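Q: This structure is in structure tokens; I'll ask about it shortly.
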Amino acid sequence: LIIAKRFLGQEFLAWLWYKSDTGDGYVRTDSFGEVELSFMHHMQLESGEGEFQEKITCRGLKAQLHEARTGLILGKKPEQVRMKVVIEEREWYFTLSGGLFEFRNVKIPKNLGLMTGAMEQGATEGNMLIRLDALEEIIRLVNELFVLFLRVRISDDWDREVRLMRDWLMKPS
């Protein structure tokens with residue numbers, strides 16, 4: 001079932017890139033308000049299945065990724081992206097896998113008020129809780145963005161959205 005439905009995560013990543021690029025780097029959410037979202041200089045695309053599966057890794061300037069755009073035009077799907085998310089001046093950096101919604105290399109915001117100095121038991125536990133809260137927050141945001149995507153994906157507006165995404169891809173970046 002996971003393999004059969006992984007295309008949804010891949011479509012989600014493509015849609016998210018489109019929304020952030022056409023929204024000047026911002027996506028509106030219900031719970032978090034305006035969220036700054038940037039696709040960083042790394043994206044992995046794939047096409048085919050089984051022994052015919054091909055993967056390419058694209059690197060380029062932030063938000064441009066010319067080779068990745070060309071790959072999308074040719075029918076390749078984003079499987080893994082490096083992202084930067086800013087919520088109220090707090091920055092997360094992470095890699096997200098579209099097929100499995102797996103978070104990798106998560107860097108939480110630096111301005112969370114972590115305790116420094118002597119590493120007493122309380123300070124260590126407090127810092128761990130602060131870090132876990134930051135991880136939960138970014139997961140909640142991605143889940144909310146996925147729900148926004150699904151609402152569009154199952155609506156009558158999906159065909160229109162696909163046309164807008166194709167127009168976006170064809171426009172020089």
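Letters for chains follow the order of the structure tokens (A, B, ...), residue numbers begin at 1 for each chain, and ligand numbers begin at 1 in the order shown.
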Name all residues at most 6 Å from Gly98 of chain A (count only C-alpha atoms; drop same-chain ones fewer than 2 positions away) and give them as an MDAnalysis selection string.
A: chainID A and resid 9:10 79:80 100:101
Q: Using only C-alpha atoms, determine which residues lie at most 12 Å from segment 69-73 of chain A, disregarding the query and same-chain residues fewer than 2 positions distant; provide the list as a ChimeraX atom specification.
A: /A:10-11,13-15,17-18,21,43-47,54-60,63-67,75-79,162,165-173
Q: Based on the selection just made, write N, CA, C and O atoms of those residues as a short mmCIF file (atom, residue, chain, number, x, y, z; two decimals), in the first residue's frame.
A:
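Printed below is again35.cif as written:
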data_model
loop_
_atom_site.label_atom_id
_atom_site.label_comp_id
_atom_site.auth_asym_id
_atom_site.auth_seq_id
_atom_site.Cartn_x
_atom_site.Cartn_y
_atom_site.Cartn_z
N GLN A 10 5.05 12.33 -3.48
CA GLN A 10 5.85 12.95 -4.53
C GLN A 10 5.10 14.12 -5.17
O GLN A 10 5.68 15.18 -5.41
N GLU A 11 3.81 13.94 -5.41
CA GLU A 11 3.01 15.05 -5.92
C GLU A 11 2.95 16.19 -4.91
O GLU A 11 2.98 17.37 -5.28
N LEU A 13 5.29 17.07 -2.78
CA LEU A 13 6.55 17.83 -2.84
C LEU A 13 6.56 18.76 -4.05
O LEU A 13 7.00 19.90 -3.95
N ALA A 14 6.10 18.27 -5.20
CA ALA A 14 6.05 19.12 -6.39
C ALA A 14 5.09 20.29 -6.18
O ALA A 14 5.40 21.44 -6.51
N TRP A 15 3.93 20.01 -5.61
CA TRP A 15 2.93 21.05 -5.34
C TRP A 15 3.47 22.08 -4.34
O TRP A 15 3.29 23.28 -4.52
N TRP A 17 6.60 22.86 -3.78
CA TRP A 17 7.61 23.67 -4.46
C TRP A 17 6.92 24.74 -5.30
O TRP A 17 7.28 25.91 -5.26
N TYR A 18 5.89 24.33 -6.03
CA TYR A 18 5.12 25.28 -6.85
C TYR A 18 4.49 26.37 -5.97
O TYR A 18 4.60 27.56 -6.27
N ASP A 21 7.15 28.73 -4.59
CA ASP A 21 7.78 29.53 -5.64
C ASP A 21 6.84 30.60 -6.20
O ASP A 21 7.25 31.71 -6.47
N MET A 43 17.75 18.31 -4.51
CA MET A 43 16.50 17.61 -4.75
C MET A 43 16.82 16.31 -5.47
O MET A 43 17.65 16.29 -6.37
N GLN A 44 16.14 15.24 -5.06
CA GLN A 44 16.31 13.96 -5.74
C GLN A 44 15.01 13.64 -6.46
O GLN A 44 13.93 13.69 -5.85
N LEU A 45 15.12 13.32 -7.75
CA LEU A 45 13.96 12.96 -8.56
C LEU A 45 14.08 11.50 -8.96
O LEU A 45 15.18 10.96 -9.05
N GLU A 46 12.94 10.88 -9.22
CA GLU A 46 12.98 9.50 -9.69
C GLU A 46 11.90 9.26 -10.73
O GLU A 46 10.91 9.99 -10.80
N SER A 47 12.13 8.23 -11.52
CA SER A 47 11.13 7.79 -12.49
C SER A 47 11.27 6.29 -12.65
O SER A 47 12.31 5.71 -12.32
N GLU A 54 15.00 5.00 -12.11
CA GLU A 54 16.14 5.90 -12.24
C GLU A 54 16.01 6.99 -11.19
O GLU A 54 14.91 7.46 -10.92
N LYS A 55 17.14 7.37 -10.61
CA LYS A 55 17.17 8.47 -9.66
C LYS A 55 18.24 9.45 -10.10
O LYS A 55 19.31 9.05 -10.52
N ILE A 56 17.89 10.72 -10.01
CA ILE A 56 18.89 11.75 -10.25
C ILE A 56 18.88 12.72 -9.09
O ILE A 56 17.83 12.99 -8.50
N THR A 57 20.04 13.21 -8.75
CA THR A 57 20.16 14.21 -7.70
C THR A 57 20.52 15.53 -8.35
O THR A 57 21.47 15.61 -9.13
N CYS A 58 19.74 16.54 -8.05
CA CYS A 58 19.94 17.87 -8.63
C CYS A 58 20.40 18.82 -7.54
O CYS A 58 19.86 18.83 -6.44
N ARG A 59 21.39 19.59 -7.89
CA ARG A 59 21.88 20.62 -6.99
C ARG A 59 21.91 21.92 -7.77
O ARG A 59 22.24 21.94 -8.94
N GLY A 60 21.58 22.98 -7.10
CA GLY A 60 21.59 24.28 -7.76
C GLY A 60 21.30 25.37 -6.77
O GLY A 60 21.22 25.14 -5.58
N ALA A 63 15.82 27.73 -4.81
CA ALA A 63 14.58 28.06 -5.51
C ALA A 63 14.69 27.99 -7.02
O ALA A 63 13.71 28.17 -7.71
N GLN A 64 15.87 27.72 -7.58
CA GLN A 64 15.96 27.61 -9.03
C GLN A 64 15.99 26.15 -9.44
O GLN A 64 15.08 25.68 -10.09
N LEU A 65 17.03 25.45 -9.08
CA LEU A 65 17.14 24.03 -9.38
C LEU A 65 16.69 23.74 -10.82
O LEU A 65 15.74 22.99 -11.05
N HIS A 66 17.36 24.35 -11.78
CA HIS A 66 16.97 24.23 -13.19
C HIS A 66 16.84 22.78 -13.66
O HIS A 66 15.89 22.43 -14.36
N GLU A 67 17.81 21.95 -13.28
CA GLU A 67 17.77 20.55 -13.70
C GLU A 67 16.56 19.84 -13.12
O GLU A 67 15.93 19.02 -13.78
N GLY A 75 8.58 14.34 -16.56
CA GLY A 75 7.79 13.33 -15.88
C GLY A 75 8.44 12.68 -14.67
O GLY A 75 7.88 11.76 -14.08
N LYS A 76 9.61 13.14 -14.29
CA LYS A 76 10.23 12.62 -13.08
C LYS A 76 9.51 13.22 -11.87
O LYS A 76 8.93 14.28 -11.95
N LYS A 77 9.57 12.50 -10.76
CA LYS A 77 8.85 12.94 -9.56
C LYS A 77 9.84 13.23 -8.44
O LYS A 77 10.80 12.47 -8.25
N PRO A 78 9.60 14.29 -7.67
CA PRO A 78 10.50 14.57 -6.55
C PRO A 78 10.34 13.50 -5.46
O PRO A 78 9.22 13.21 -5.04
N GLU A 79 11.45 12.91 -5.08
CA GLU A 79 11.43 11.89 -4.04
C GLU A 79 12.02 12.42 -2.74
O GLU A 79 11.64 11.99 -1.67
N VAL A 162 -3.10 21.54 -11.73
CA VAL A 162 -2.07 20.88 -12.55
C VAL A 162 -1.69 21.77 -13.73
O VAL A 162 -0.50 21.91 -14.06
N MET A 165 0.50 24.48 -12.45
CA MET A 165 1.83 23.96 -12.14
C MET A 165 2.64 23.77 -13.43
O MET A 165 3.84 24.09 -13.46
N ARG A 166 2.00 23.29 -14.48
CA ARG A 166 2.71 23.12 -15.77
C ARG A 166 3.14 24.47 -16.32
O ARG A 166 4.26 24.62 -16.81
N ASP A 167 2.27 25.46 -16.23
CA ASP A 167 2.64 26.82 -16.66
C ASP A 167 3.84 27.34 -15.87
O ASP A 167 4.75 27.94 -16.42
N TRP A 168 3.83 27.10 -14.56
CA TRP A 168 4.93 27.52 -13.70
C TRP A 168 6.23 26.84 -14.12
O TRP A 168 7.28 27.48 -14.18
N LEU A 169 6.16 25.54 -14.41
CA LEU A 169 7.37 24.82 -14.82
C LEU A 169 7.94 25.35 -16.13
O LEU A 169 9.15 25.40 -16.32
N MET A 170 7.07 25.72 -17.03
CA MET A 170 7.52 26.17 -18.36
C MET A 170 8.06 27.61 -18.33
O MET A 170 8.79 27.99 -19.23
N LYS A 171 7.70 28.36 -17.31
CA LYS A 171 8.16 29.73 -17.21
C LYS A 171 9.63 29.72 -16.79
O LYS A 171 10.02 29.03 -15.86
N PRO A 172 10.46 30.50 -17.48
CA PRO A 172 11.88 30.56 -17.09
C PRO A 172 12.02 31.05 -15.66
O PRO A 172 11.33 31.97 -15.25
N SER A 173 12.92 30.41 -14.91
CA SER A 173 13.09 30.81 -13.51
C SER A 173 14.19 31.83 -13.35
O SER A 173 14.99 32.07 -14.19
#
Q: Would you please extract all strand (DSSP E or B) residues from segment 81-168 of chain A, as assigned by DSSP on the backbone, and give them as a ChimeraX atom specification?
A: /A:81-87,90-97,102-107
Q: Which of these, A:Ile3, A:Leu145, A:Pro109, A:Phe52, has the shortest distance to Tyr26 of chain A once you count only C-alpha atoms?
A: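 Going through A:Ile3, A:Leu145, A:Pro109, A:Phe52 one by one, the smallest distance to Tyr26 of chain A is for A:Leu145.
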Q: Any idea what the distance is between atom CA of Arg90 of chain A and atom CA of Val147 of chain A?
A: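 Between these atoms lies a distance of 22.5 Å.
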Q: Arg131 of chain A: which residues within 9 Å, counting only C-alpha atoms, same-chain residues fewer than 2 positions away excluded, as a ChimeraX atom specification?
A: /A:108-109,112,114,126-129,133-136
Q: Between atom CA of Met83 of chain A and atom CA of Glu125 of chain A, what is the distance, to one decimal in Å?
A: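 Spanning atom CA of Met83 of chain A to atom CA of Glu125 of chain A is a straight-line distance of 28.1 Å.
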Q: Based on the backbone DSSP call, show me all residues of chain A assigned helix (DSSP H, G or I), as a VMD selection string.
A: chain A and resid 2 to 22 50 to 52 66 to 73 121 to 153 158 to 170
Q: Kindly give the distance, in Å, that separates atom CA of Phe149 of chain A and atom CA of Phe39 of chain A, rounded to a single decimal.
A: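 Rounded to one decimal, the two atoms are 16.9 Å apart.
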Q: So which one's closest to Asn143 of chain A, A:Trp158, A:Phe7, A:Trp92, A:Phe12? Using only C-alpha atoms, please.
A: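 Under the stated criterion, the closest residue is A:Phe12.
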Q: Can you work out which one of A:Lys84, A:Lys19, A:Arg6, A:Arg163 has the shortest atom-to-atom distance to Asn105 of chain A, counting only C-alpha atoms?
A: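 Under the stated criterion, the closest residue is A:Lys84.
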